Every structure is written in C-alpha cells, then in structure tokens.
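Following: one structure in structure tokens, then a few remarks.
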Amino acid sequence: MAIKTLEELQGGRTVELKIYEIKKKPDAWQNYLYFWRKIVKLRKAAGFKVDFAVADVPGGRFIWAVSADGNFVDQNVNYLSGEDRIAANVISDYIARSEIPKVVYIPIP
C-alpha cells in the first residue's frame with residue numbers, strides 16, 4: 001500500500017475536530033456526557049462516523065472527531081436542522097468555549 005502525501009489526503013473524507021472546554025460547574029461533565037451520547041446516536045443515524053473521543057478532565061476539555069465520506073456540508077445542514085438534534089442543543093449549556101476546525105484524516109499504517 002502506497003503512502004499518500006498530505007496533498008492527496010486532503011481530498012479524502014471530511015473530518016471535523018471538535019474541541020470543547022467544559023464549564024466549571026457541578027455535574028457539568030456528567031451532564032455533558034449524557035447529552036453527548038445522545039448526539040453520537042443522532043450523528044451515526046445521520047450517516048456520520050465518530051472517529052474518536054477523549055476527555056482531558058484536568059484541563060477541562062473534551063475532544064472528539066466526526067467525519068463523513070460524502071458531502072459533509074449538506075449532510076451536516078440536514079443533521080443540524082432535525083428536530084431531535086435541535087432538542088439536543090441543551091448540550092451547549094455545559095460548553096464554555098469551542099473550536100471546530102476541519103482537519104485532514106491521516107490513516108495509520
């Protein structure tokens with residue numbers, strides 16, 4: 001299997017890296033994860049792949065990645081406008097700050 005260059009990989013599947021700073025309030029982590037798990041089910045049902053998720057508890061950050069093989073933008077608009085997803089927006093009550101860059105997926109040989 002030939003190793004692809006970064007330029008070749010940029011045309012691959014779209015990946016959003018989601019970096020959230022969790023609010024410093026009682027039960028924020030527990031509540032955030034409760035709603036996040038619901039969102040994961042909705043994302044998967046909409047055809048997205050959740051690539052990974054990690055919690056940096058001492059740093060107060062939650063980092064995860066979601067990707068799609070098709071047209072990410074169109075798929076995401078449809079997903080975000082769904083009634084179930086709109087109802088899950090309560091998750092923002094537990095996020096102090098977010099950063100959501102599009103990143104390049106690099107396969108690990």
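Residues are named by chain letter and number: chains run A, B, ... in the order of the structure tokens, numbers start at 1 in each chain, and ligands are numbered from 1 in the order shown.
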Those of chain A in DSSP strand (DSSP E), formatted as number ranges by chain
A: 14-22, 49-56, 61-68, 95-99, 102-104
Next on the checklist: Applying 9 Å and only C-alpha atoms, which residues near Phe52 of chain A remain after dropping the ones on its own chain fewer than 5 positions away? List them as a ChimeraX atom specification.
Outcome noted: /A:63-66
Min atom-atom distance to Arg85 of chain A from the set A:Leu6, A:Lys38, A:Asn31, A:Lys25, counting only C-alpha atoms, belongs to A:Lys38
Among A:Leu80, A:Leu17, A:Ala2, A:Ala68, Gly47 of chain A is approached most closely, using only C-alpha atoms, by A:Ala68
Name the residues in contact with Asn76 of chain A at a cut-off of 12 Å, using only C-alpha atoms, excluding same-chain residues fewer than 3 positions from it; report them as a list in words.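 Here the qualifying residues turn out to be Thr14, Val15, Glu16, Leu42, Arg43, Lys44, Ala46, Gly47, Phe48, Val66, Ser67, Ala68, Asp69, Gly70, Asn71, Phe72, Val73, Tyr79, Leu80, Ser81, Gly82 and Arg85 of chain A.
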What would the file look like if the residues just selected were written as a CSV table (one decimal), in the first residue's frame with N, CA and C atoms?
```csv
chain,number,residue,atom,x,y,z
A,14,THR,N,-14.1,14.2,4.9
A,14,THR,CA,-14.1,15.5,5.7
A,14,THR,C,-14.2,15.1,7.2
A,15,VAL,N,-13.3,15.7,8.0
A,15,VAL,CA,-13.3,15.4,9.4
A,15,VAL,C,-13.4,16.8,10.1
A,16,GLU,N,-14.3,16.8,11.1
A,16,GLU,CA,-14.4,18.0,12.0
A,16,GLU,C,-13.8,17.6,13.3
A,42,LEU,N,-27.5,10.3,17.2
A,42,LEU,CA,-28.1,11.0,16.2
A,42,LEU,C,-27.1,11.2,15.0
A,43,ARG,N,-25.8,11.5,15.3
A,43,ARG,CA,-24.8,11.6,14.3
A,43,ARG,C,-24.7,10.3,13.5
A,44,LYS,N,-24.6,9.2,14.2
A,44,LYS,CA,-24.5,7.9,13.5
A,44,LYS,C,-25.7,7.6,12.6
A,46,ALA,N,-27.5,9.7,11.2
A,46,ALA,CA,-27.4,10.6,10.0
A,46,ALA,C,-26.3,10.2,9.0
A,47,GLY,N,-25.6,9.1,9.3
A,47,GLY,CA,-24.6,8.7,8.4
A,47,GLY,C,-23.1,9.2,8.7
A,48,PHE,N,-22.9,9.8,9.8
A,48,PHE,CA,-21.6,10.3,10.2
A,48,PHE,C,-20.9,9.1,10.9
A,66,VAL,N,-15.7,13.9,14.2
A,66,VAL,CA,-16.8,13.3,13.4
A,66,VAL,C,-16.5,13.5,11.9
A,67,SER,N,-16.8,12.5,11.1
A,67,SER,CA,-16.4,12.6,9.7
A,67,SER,C,-17.6,12.0,8.9
A,68,ALA,N,-17.4,12.3,7.6
A,68,ALA,CA,-18.4,11.8,6.6
A,68,ALA,C,-17.6,11.6,5.3
A,69,ASP,N,-18.0,10.6,4.5
A,69,ASP,CA,-17.4,10.3,3.2
A,69,ASP,C,-18.0,11.1,2.1
A,70,GLY,N,-19.3,11.5,2.3
A,70,GLY,CA,-20.0,12.3,1.2
A,70,GLY,C,-19.8,13.8,1.4
A,71,ASN,N,-20.8,14.5,1.0
A,71,ASN,CA,-20.8,16.0,1.1
A,71,ASN,C,-21.1,16.3,2.6
A,72,PHE,N,-20.1,16.6,3.3
A,72,PHE,CA,-20.2,16.9,4.7
A,72,PHE,C,-21.1,18.1,5.0
A,73,VAL,N,-20.9,19.1,4.2
A,73,VAL,CA,-21.7,20.3,4.5
A,73,VAL,C,-23.2,20.1,4.4
A,79,TYR,N,-28.6,17.3,9.2
A,79,TYR,CA,-28.5,16.8,10.6
A,79,TYR,C,-28.8,17.9,11.6
A,80,LEU,N,-28.2,19.0,11.5
A,80,LEU,CA,-28.4,20.1,12.5
A,80,LEU,C,-29.8,20.7,12.5
A,81,SER,N,-30.5,20.5,11.4
A,81,SER,CA,-31.9,21.1,11.3
A,81,SER,C,-33.0,20.0,11.7
A,82,GLY,N,-32.6,18.8,12.1
A,82,GLY,CA,-33.5,17.8,12.5
A,82,GLY,C,-34.1,18.1,13.9
A,85,ARG,N,-32.1,16.8,16.9
A,85,ARG,CA,-30.8,17.5,17.1
A,85,ARG,C,-31.1,18.9,17.7
```
- Message: Quick check, in Å to one decimal: how far apart do atom CA of Val104 of chain A and atom CA of Val77 of chain A lie?
- Response: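 Between atom CA of Val104 of chain A and atom CA of Val77 of chain A the gap is 20.5 Å.
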For Ala28 of chain A, work out the shell of residues within 12 Å, counting only C-alpha atoms and skipping chain neighbours fewer than 4 positions away, then give it as JSON, numbers by chain.
{"A": [21, 22, 23, 24, 32, 33, 34, 35, 36, 57, 60, 61, 62, 90, 91, 92, 93, 94, 95, 96]}
